[in-house]
file target.csv (CSV, C-alpha atoms)
chain,number,residue,atom,x,y,z
E,1,MET,CA,0.4,26.6,-10.9
E,2,GLN,CA,-2.4,28.5,-9.2
E,3,ARG,CA,-5.9,27.3,-9.1
E,4,CYS,CA,-9.1,28.7,-7.6
E,5,GLY,CA,-9.1,28.6,-3.8
E,6,TRP,CA,-12.0,26.2,-3.5
E,7,VAL,CA,-10.3,23.3,-5.1
E,8,THR,CA,-8.3,20.9,-2.9
E,9,GLN,CA,-5.5,18.5,-3.8
E,10,ASP,CA,-8.0,15.6,-4.1
E,11,PRO,CA,-7.3,14.2,-7.6
E,12,LEU,CA,-11.1,14.0,-8.4
E,13,TYR,CA,-11.5,17.6,-7.4
E,14,LEU,CA,-8.4,18.7,-9.4
E,15,ALA,CA,-9.7,16.9,-12.5
E,16,TYR,CA,-13.2,18.4,-12.1
E,17,HIS,CA,-11.7,22.0,-11.7
E,18,ASP,CA,-9.3,21.6,-14.6
E,19,ASN,CA,-11.4,19.7,-17.1
E,20,GLU,CA,-15.1,20.5,-16.4
E,21,TRP,CA,-15.9,23.5,-14.2
E,22,GLY,CA,-16.4,26.6,-16.3
E,23,ILE,CA,-16.2,24.8,-19.6
E,24,PRO,CA,-19.3,25.5,-21.8
E,25,GLU,CA,-21.6,22.5,-21.9
E,26,THR,CA,-24.5,22.4,-24.4
E,27,ASP,CA,-25.6,18.8,-24.4
E,28,SER,CA,-29.1,18.8,-22.9
E,29,GLN,CA,-28.7,15.4,-21.1
E,30,LYS,CA,-25.4,16.5,-19.5
E,31,LEU,CA,-27.0,19.8,-18.5
E,32,PHE,CA,-29.9,17.8,-17.0
E,33,GLU,CA,-27.4,15.7,-15.0
E,34,MET,CA,-25.7,18.8,-13.7
E,35,ILE,CA,-28.9,20.6,-12.6
E,36,CYS,CA,-29.9,17.4,-10.8
E,37,LEU,CA,-26.5,17.0,-9.1
E,38,GLU,CA,-26.3,20.6,-8.1
E,39,GLY,CA,-29.6,20.1,-6.3
E,40,GLN,CA,-28.2,17.2,-4.4
E,41,GLN,CA,-25.5,19.5,-3.1
E,42,ALA,CA,-28.0,21.7,-1.1
E,43,GLY,CA,-26.7,21.9,2.4
E,44,LEU,CA,-23.6,19.9,1.5
E,45,SER,CA,-20.2,20.4,-0.1
E,46,TRP,CA,-19.7,19.8,-3.8
E,47,ILE,CA,-17.0,17.3,-3.2
E,48,THR,CA,-19.5,15.1,-1.4
E,49,VAL,CA,-21.7,15.0,-4.5
E,50,LEU,CA,-18.7,14.7,-6.9
E,51,LYS,CA,-17.5,11.6,-5.0
E,52,LYS,CA,-20.9,10.0,-5.4
E,53,ARG,CA,-21.5,11.1,-9.1
E,54,GLU,CA,-20.8,7.7,-10.6
E,55,ASN,CA,-23.2,6.1,-8.1
E,56,TYR,CA,-25.9,8.7,-9.1
E,57,ARG,CA,-25.2,7.8,-12.8
E,58,ARG,CA,-25.7,4.1,-12.0
E,59,CYS,CA,-28.9,4.7,-10.0
E,60,PHE,CA,-30.4,7.2,-12.4
E,61,HIS,CA,-29.9,5.5,-15.7
E,62,GLN,CA,-26.9,7.7,-16.7
E,63,PHE,CA,-29.3,10.6,-16.3
E,64,ASP,CA,-31.3,9.6,-19.3
E,65,PRO,CA,-34.5,11.7,-18.7
E,66,ALA,CA,-36.8,9.3,-20.4
E,67,ALA,CA,-35.6,6.4,-18.2
E,68,VAL,CA,-35.5,8.5,-15.0
E,69,ALA,CA,-39.1,9.7,-15.6
E,70,GLN,CA,-40.3,6.1,-15.6
E,71,MET,CA,-39.0,5.6,-12.0
E,72,GLN,CA,-41.7,5.0,-9.4
E,73,ALA,CA,-42.2,5.1,-5.6
E,74,GLU,CA,-40.7,1.6,-5.2
E,75,ASP,CA,-37.5,2.9,-6.9
E,76,VAL,CA,-37.3,5.7,-4.5
E,77,GLU,CA,-37.6,3.3,-1.6
E,78,THR,CA,-34.8,1.2,-3.0
E,79,LEU,CA,-32.6,4.3,-3.5
E,80,LEU,CA,-33.2,5.4,0.0
E,81,GLN,CA,-31.2,2.3,1.0
E,82,ASP,CA,-28.3,2.9,-1.3
E,83,ALA,CA,-25.3,4.4,0.6
E,84,GLY,CA,-23.7,5.3,-2.7
E,85,ILE,CA,-25.9,8.4,-3.0
E,86,ILE,CA,-27.3,11.0,-0.6
E,87,ARG,CA,-30.3,9.3,1.0
E,88,HIS,CA,-32.7,12.2,1.1
E,89,ARG,CA,-36.2,11.4,-0.1
E,90,GLY,CA,-36.9,14.9,-1.3
E,91,LYS,CA,-33.7,15.1,-3.3
E,92,ILE,CA,-34.2,11.6,-4.9
E,93,GLU,CA,-37.8,12.5,-5.8
E,94,ALA,CA,-36.6,15.8,-7.2
E,95,ILE,CA,-34.4,14.0,-9.8
E,96,ILE,CA,-37.4,12.0,-11.0
E,97,ASN,CA,-39.7,15.0,-11.0
E,98,ASN,CA,-37.1,17.1,-12.9
E,99,ALA,CA,-36.8,14.4,-15.6
E,100,ARG,CA,-40.6,14.6,-16.1
E,101,ALA,CA,-40.3,18.4,-16.2
E,102,PHE,CA,-37.4,18.2,-18.7
E,103,LEU,CA,-39.4,15.9,-21.0
E,104,ALA,CA,-42.4,18.2,-20.8
E,105,MET,CA,-40.2,21.1,-21.9
E,106,GLU,CA,-38.8,19.1,-24.8
E,107,ALA,CA,-42.3,17.9,-25.8
E,108,ASN,CA,-43.4,21.6,-25.8
E,109,GLY,CA,-40.6,22.5,-28.3
E,110,GLU,CA,-38.4,24.0,-25.6
E,111,PRO,CA,-35.0,22.2,-25.9
E,112,PHE,CA,-33.3,22.3,-22.5
E,113,SER,CA,-29.9,23.4,-23.7
E,114,GLU,CA,-31.4,26.3,-25.7
E,115,PHE,CA,-33.6,27.3,-22.7
E,116,VAL,CA,-30.7,27.3,-20.2
E,117,TRP,CA,-28.3,29.1,-22.5
E,118,SER,CA,-30.8,31.8,-23.3
E,119,PHE,CA,-30.2,33.2,-19.8
E,120,VAL,CA,-26.7,34.3,-20.9
E,121,ASP,CA,-27.7,35.2,-24.4
E,122,ASN,CA,-25.9,32.0,-25.6
E,123,THR,CA,-22.5,33.5,-24.7
E,124,PRO,CA,-20.4,32.4,-21.7
E,125,GLN,CA,-20.0,35.2,-19.2
E,126,VAL,CA,-16.4,35.6,-18.2
E,127,THR,CA,-15.7,37.0,-14.7
E,128,ARG,CA,-12.6,39.0,-14.0
E,129,ALA,CA,-12.2,38.4,-10.2
E,130,ALA,CA,-8.9,38.3,-8.5
E,131,ALA,CA,-10.3,36.4,-5.5
E,132,MET,CA,-13.2,34.0,-4.8
E,133,SER,CA,-14.6,36.5,-2.4
E,134,GLU,CA,-15.4,38.8,-5.4
E,135,ILE,CA,-17.6,36.1,-7.1
E,136,PRO,CA,-21.3,36.2,-6.3
E,137,THR,CA,-23.4,33.3,-5.2
E,138,THR,CA,-26.4,34.5,-7.2
E,139,THR,CA,-27.0,36.9,-10.0
E,140,PRO,CA,-30.1,38.3,-11.8
E,141,ALA,CA,-29.5,35.6,-14.4
E,142,SER,CA,-29.5,32.8,-11.8
E,143,ASP,CA,-32.6,34.4,-10.2
E,144,ALA,CA,-34.4,34.4,-13.5
E,145,LEU,CA,-33.3,30.8,-14.4
E,146,SER,CA,-34.4,29.6,-11.0
E,147,LYS,CA,-37.8,31.2,-11.4
E,148,ALA,CA,-38.3,29.9,-14.9
E,149,LEU,CA,-37.3,26.3,-13.9
E,150,LYS,CA,-39.7,26.4,-10.9
E,151,LYS,CA,-42.4,27.6,-13.2
E,152,ARG,CA,-41.8,24.5,-15.4
E,153,GLY,CA,-42.0,22.2,-12.3
E,154,PHE,CA,-38.4,21.7,-11.4
E,155,LYS,CA,-37.4,21.1,-7.7
E,156,PHE,CA,-34.2,22.0,-5.8
E,157,VAL,CA,-33.4,24.8,-8.2
E,158,GLY,CA,-33.1,27.9,-6.0
E,159,SER,CA,-31.0,30.8,-7.3
E,160,THR,CA,-27.8,29.7,-5.5
E,161,ILE,CA,-28.1,26.2,-6.9
E,162,CYS,CA,-28.8,27.7,-10.4
E,163,TYR,CA,-25.7,29.9,-10.1
E,164,SER,CA,-23.5,26.9,-9.1
E,165,PHE,CA,-25.0,25.1,-12.1
E,166,MET,CA,-24.2,28.0,-14.4
E,167,GLN,CA,-20.6,28.0,-13.1
E,168,ALA,CA,-20.2,24.2,-13.5
E,169,CYS,CA,-21.6,24.2,-17.0
E,170,GLY,CA,-19.7,27.2,-18.3
E,171,LEU,CA,-22.5,29.6,-18.7
E,172,VAL,CA,-20.3,31.7,-16.5
E,173,ASN,CA,-16.6,31.3,-16.1
E,174,ASP,CA,-15.7,32.2,-12.6
E,175,HIS,CA,-12.1,31.0,-12.5
E,176,ILE,CA,-10.2,33.7,-10.7
E,177,THR,CA,-7.9,35.7,-13.0
E,178,GLY,CA,-4.7,34.1,-11.5
E,179,CYS,CA,-6.1,30.6,-12.1
E,180,ILE,CA,-4.5,28.4,-14.8
E,181,CYS,CA,-8.1,27.8,-16.1
E,182,HIS,CA,-9.1,31.5,-16.6
E,183,PRO,CA,-9.6,32.1,-20.3
E,184,GLU,CA,-6.9,34.8,-20.3
E,185,ASN,CA,-4.3,32.2,-19.1
E,186,GLN,CA,-5.1,29.6,-21.7
E,187,THR,CA,-2.5,29.2,-24.5
call {"tool": "encode", "arguments": {"input": "target.csv", "output": "structure tokens"}}
result
Amino acid sequence: MQRCGWVTQDPLYLAYHDNEWGIPETDSQKLFEMICLEGQQAGLSWITVLKKRENYRRCFHQFDPAAVAQMQAEDVETLLQDAGIIRHRGKIEAIINNARAFLAMEANGEPFSEFVWSFVDNTPQVTRAAAMSEIPTTTPASDALSKALKKRGFKFVGSTICYSFMQACGLVNDHITGCICHPENQT
């Protein structure tokens, strides 16, 4: 069976590729988790973050935005000592900041899932690329999402991070056409 070229034989990576990446996600809390985790990836490989995901969930209240938004400076100091996550002050603070921005959006009548999915007109975009080299790292939609998130106060949400987020959460399906997970190969 062929898979996308970026996936290794690591069982965690195989499960992520086969069961999560590119599958449409509409749950606002899960989308919040993924935008935060994608921001943690900046400058690193996704497998690094994926291997630490359970620790992030433990440290950040299962990515419950209301609980994360209550975290304070002393929590950041504690997390900077936790080897189970990426110990980068800016990235840790971004998750807390993003929880507050998420709650502000929701309080203003802007549900996060509806907001995110509006950038693809509520329809997953399916790519028809034969090779990973044909898949972009940013698109006009990821540029617009990045700009809109920044305007709402989010951090670590550049266009490349937003495009990775869109791929991960199925707003775009970038499985190559020969991959077992491409929609045309599903039975």
call {"tool": "residues_around", "arguments": {"input": "target.csv", "residues": "segment 23-31 of chain E", "least_positions_apart": "3", "cutoff": "6 Å", "atoms": "only C-alpha atoms", "output": "short mmCIF file (atom, residue, chain, number, x, y, z; two decimals) with C-alpha atoms, in the frame of the given file"}}
result
data_model
loop_
_atom_site.label_atom_id
_atom_site.label_comp_id
_atom_site.auth_asym_id
_atom_site.auth_seq_id
_atom_site.Cartn_x
_atom_site.Cartn_y
_atom_site.Cartn_z
CA GLU E 20 -15.10 20.50 -16.40
CA MET E 34 -25.70 18.80 -13.70
CA PHE E 112 -33.30 22.30 -22.50
CA SER E 113 -29.90 23.40 -23.70
CA CYS E 169 -21.60 24.20 -17.00
CA GLY E 170 -19.70 27.20 -18.30
#
call {"tool": "closest_residue", "arguments": {"input": "target.csv", "among": "E:Ala148, E:Cys4, E:Val49, E:Val76", "to": "Met105 of chain E", "atoms": "all atoms listed in the file"}}
result
E:Ala148
call {"tool": "atom_distance", "arguments": {"input": "target.csv", "atom1": "atom CA of Gln2 of chain E", "atom2": "atom CA of Ile180 of chain E"}}
result
6.0 Å
call {"tool": "atom_distance", "arguments": {"input": "target.csv", "atom1": "atom CA of Ala94 of chain E", "atom2": "atom CA of Phe119 of chain E"}}
result
22.4 Å
call {"tool": "residues_near_point", "arguments": {"input": "target.csv", "point": "(-39.0, 11.6, -17.0)", "cutoff": "8 Å", "atoms": "all atoms listed in the file", "output": "number ranges by chain"}}
result
E: 65-71, 96-103
call {"tool": "write_last_selection", "arguments": {"input": "target.csv", "atoms": "C-alpha atoms", "output": "PDB file, in the coordinates of the input"}}
result
ATOM      1  CA  PRO E  65     -34.500  11.700 -18.700  1.00  0.00           C
ATOM      2  CA  ALA E  66     -36.800   9.300 -20.400  1.00  0.00           C
ATOM      3  CA  ALA E  67     -35.600   6.400 -18.200  1.00  0.00           C
ATOM      4  CA  VAL E  68     -35.500   8.500 -15.000  1.00  0.00           C
ATOM      5  CA  ALA E  69     -39.100   9.700 -15.600  1.00  0.00           C
ATOM      6  CA  GLN E  70     -40.300   6.100 -15.600  1.00  0.00           C
ATOM      7  CA  MET E  71     -39.000   5.600 -12.000  1.00  0.00           C
ATOM      8  CA  ILE E  96     -37.400  12.000 -11.000  1.00  0.00           C
ATOM      9  CA  ASN E  97     -39.700  15.000 -11.000  1.00  0.00           C
ATOM     10  CA  ASN E  98     -37.100  17.100 -12.900  1.00  0.00           C
ATOM     11  CA  ALA E  99     -36.800  14.400 -15.600  1.00  0.00           C
ATOM     12  CA  ARG E 100     -40.600  14.600 -16.100  1.00  0.00           C
ATOM     13  CA  ALA E 101     -40.300  18.400 -16.200  1.00  0.00           C
ATOM     14  CA  PHE E 102     -37.400  18.200 -18.700  1.00  0.00           C
ATOM     15  CA  LEU E 103     -39.400  15.900 -21.000  1.00  0.00           C
TER      16      LEU E 103
END
call {"tool": "closest_residue", "arguments": {"input": "target.csv", "among": "E:Leu50, E:Val120, E:Leu44, E:Met132", "to": "Ala15 of chain E", "atoms": "all atoms listed in the file"}}
result
E:Leu50
call {"tool": "closest_residue", "arguments": {"input": "target.csv", "among": "E:Ser133, E:Gln41, E:Asn108, E:Ser118", "to": "Thr160 of chain E", "atoms": "only C-alpha atoms"}}
result
E:Gln41
call {"tool": "residues_around", "arguments": {"input": "target.csv", "residues": "Gly43 of chain E", "least_positions_apart": "5", "cutoff": "12 Å", "atoms": "only C-alpha atoms", "output": "list in words"}}
result
Glu38, Thr48, Val49, Ile86, His88, Lys91, Phe156, Thr160 and Ile161 of chain E
call {"tool": "build_atoms", "arguments": {"input": "target.csv", "residues": "segment 100-111 of chain E", "atoms": "all heavy atoms", "output": "mmCIF file, in the coordinates of the input"}}
result
data_model
loop_
_atom_site.group_PDB
_atom_site.id
_atom_site.type_symbol
_atom_site.label_atom_id
_atom_site.label_comp_id
_atom_site.auth_asym_id
_atom_site.auth_seq_id
_atom_site.Cartn_x
_atom_site.Cartn_y
_atom_site.Cartn_z
ATOM 1 N N ARG E 100 -39.221 14.455 -15.512
ATOM 2 C CA ARG E 100 -40.600 14.600 -16.100
ATOM 3 C C ARG E 100 -40.737 16.069 -16.600
ATOM 4 O O ARG E 100 -41.299 16.301 -17.678
ATOM 5 C CB ARG E 100 -41.621 14.238 -15.094
ATOM 6 C CG ARG E 100 -41.576 12.738 -14.787
ATOM 7 C CD ARG E 100 -42.470 12.332 -13.644
ATOM 8 N NE ARG E 100 -42.311 10.894 -13.390
ATOM 9 C CZ ARG E 100 -42.596 10.313 -12.254
ATOM 10 N NH1 ARG E 100 -43.093 11.013 -11.236
ATOM 11 N NH2 ARG E 100 -42.421 9.013 -12.101
ATOM 12 N N ALA E 101 -40.249 17.038 -15.837
ATOM 13 C CA ALA E 101 -40.300 18.400 -16.200
ATOM 14 C C ALA E 101 -39.485 18.685 -17.493
ATOM 15 O O ALA E 101 -39.907 19.397 -18.417
ATOM 16 C CB ALA E 101 -39.908 19.350 -15.099
ATOM 17 N N PHE E 102 -38.300 18.092 -17.524
ATOM 18 C CA PHE E 102 -37.400 18.200 -18.700
ATOM 19 C C PHE E 102 -38.112 17.668 -19.932
ATOM 20 O O PHE E 102 -38.112 18.320 -20.982
ATOM 21 C CB PHE E 102 -36.140 17.374 -18.394
ATOM 22 C CG PHE E 102 -35.168 17.246 -19.530
ATOM 23 C CD1 PHE E 102 -34.059 18.068 -19.592
ATOM 24 C CD2 PHE E 102 -35.334 16.284 -20.519
ATOM 25 C CE1 PHE E 102 -33.138 17.944 -20.639
ATOM 26 C CE2 PHE E 102 -34.430 16.155 -21.556
ATOM 27 C CZ PHE E 102 -33.324 16.990 -21.619
ATOM 28 N N LEU E 103 -38.735 16.480 -19.829
ATOM 29 C CA LEU E 103 -39.400 15.900 -21.000
ATOM 30 C C LEU E 103 -40.595 16.723 -21.421
ATOM 31 O O LEU E 103 -40.862 16.840 -22.632
ATOM 32 C CB LEU E 103 -39.864 14.452 -20.643
ATOM 33 C CG LEU E 103 -38.738 13.435 -20.441
ATOM 34 C CD1 LEU E 103 -39.312 12.099 -19.989
ATOM 35 C CD2 LEU E 103 -37.892 13.277 -21.700
ATOM 36 N N ALA E 104 -41.298 17.319 -20.474
ATOM 37 C CA ALA E 104 -42.400 18.200 -20.800
ATOM 38 C C ALA E 104 -41.928 19.413 -21.607
ATOM 39 O O ALA E 104 -42.559 19.830 -22.586
ATOM 40 C CB ALA E 104 -43.166 18.623 -19.566
ATOM 41 N N MET E 105 -40.798 19.974 -21.194
ATOM 42 C CA MET E 105 -40.200 21.100 -21.900
ATOM 43 C C MET E 105 -39.887 20.700 -23.354
ATOM 44 O O MET E 105 -40.233 21.404 -24.304
ATOM 45 C CB MET E 105 -38.959 21.614 -21.220
ATOM 46 C CG MET E 105 -39.203 22.356 -19.939
ATOM 47 S SD MET E 105 -37.649 22.834 -19.126
ATOM 48 C CE MET E 105 -37.008 24.030 -20.322
ATOM 49 N N GLU E 106 -39.202 19.582 -23.481
ATOM 50 C CA GLU E 106 -38.800 19.100 -24.800
ATOM 51 C C GLU E 106 -40.031 18.849 -25.672
ATOM 52 O O GLU E 106 -40.055 19.217 -26.847
ATOM 53 C CB GLU E 106 -37.941 17.846 -24.668
ATOM 54 C CG GLU E 106 -36.634 18.063 -23.911
ATOM 55 C CD GLU E 106 -35.452 18.409 -24.795
ATOM 56 O OE1 GLU E 106 -35.406 17.942 -25.945
ATOM 57 O OE2 GLU E 106 -34.571 19.163 -24.333
ATOM 58 N N ALA E 107 -41.074 18.238 -25.085
ATOM 59 C CA ALA E 107 -42.300 17.900 -25.800
ATOM 60 C C ALA E 107 -43.014 19.225 -26.265
ATOM 61 O O ALA E 107 -43.696 19.238 -27.295
ATOM 62 C CB ALA E 107 -43.246 17.095 -24.975
ATOM 63 N N ASN E 108 -42.826 20.294 -25.509
ATOM 64 C CA ASN E 108 -43.400 21.600 -25.800
ATOM 65 C C ASN E 108 -42.536 22.416 -26.763
ATOM 66 O O ASN E 108 -42.752 23.623 -26.911
ATOM 67 C CB ASN E 108 -43.735 22.379 -24.565
ATOM 68 C CG ASN E 108 -44.891 21.779 -23.800
ATOM 69 O OD1 ASN E 108 -45.799 21.212 -24.384
ATOM 70 N ND2 ASN E 108 -44.849 21.920 -22.487
ATOM 71 N N GLY E 109 -41.515 21.799 -27.331
ATOM 72 C CA GLY E 109 -40.600 22.500 -28.300
ATOM 73 C C GLY E 109 -39.661 23.443 -27.613
ATOM 74 O O GLY E 109 -39.232 24.424 -28.223
ATOM 75 N N GLU E 110 -39.308 23.130 -26.370
ATOM 76 C CA GLU E 110 -38.400 24.000 -25.600
ATOM 77 C C GLU E 110 -37.146 23.144 -25.251
ATOM 78 O O GLU E 110 -37.061 22.618 -24.145
ATOM 79 C CB GLU E 110 -39.081 24.514 -24.381
ATOM 80 C CG GLU E 110 -38.387 25.649 -23.713
ATOM 81 C CD GLU E 110 -39.250 26.288 -22.622
ATOM 82 O OE1 GLU E 110 -40.095 25.613 -22.006
ATOM 83 O OE2 GLU E 110 -39.043 27.485 -22.398
ATOM 84 N N PRO E 111 -36.193 22.997 -26.176
ATOM 85 C CA PRO E 111 -35.000 22.200 -25.900
ATOM 86 C C PRO E 111 -34.272 22.748 -24.640
ATOM 87 O O PRO E 111 -34.073 23.961 -24.527
ATOM 88 C CB PRO E 111 -34.147 22.325 -27.122
ATOM 89 C CG PRO E 111 -35.113 22.695 -28.213
ATOM 90 C CD PRO E 111 -36.163 23.536 -27.532
#
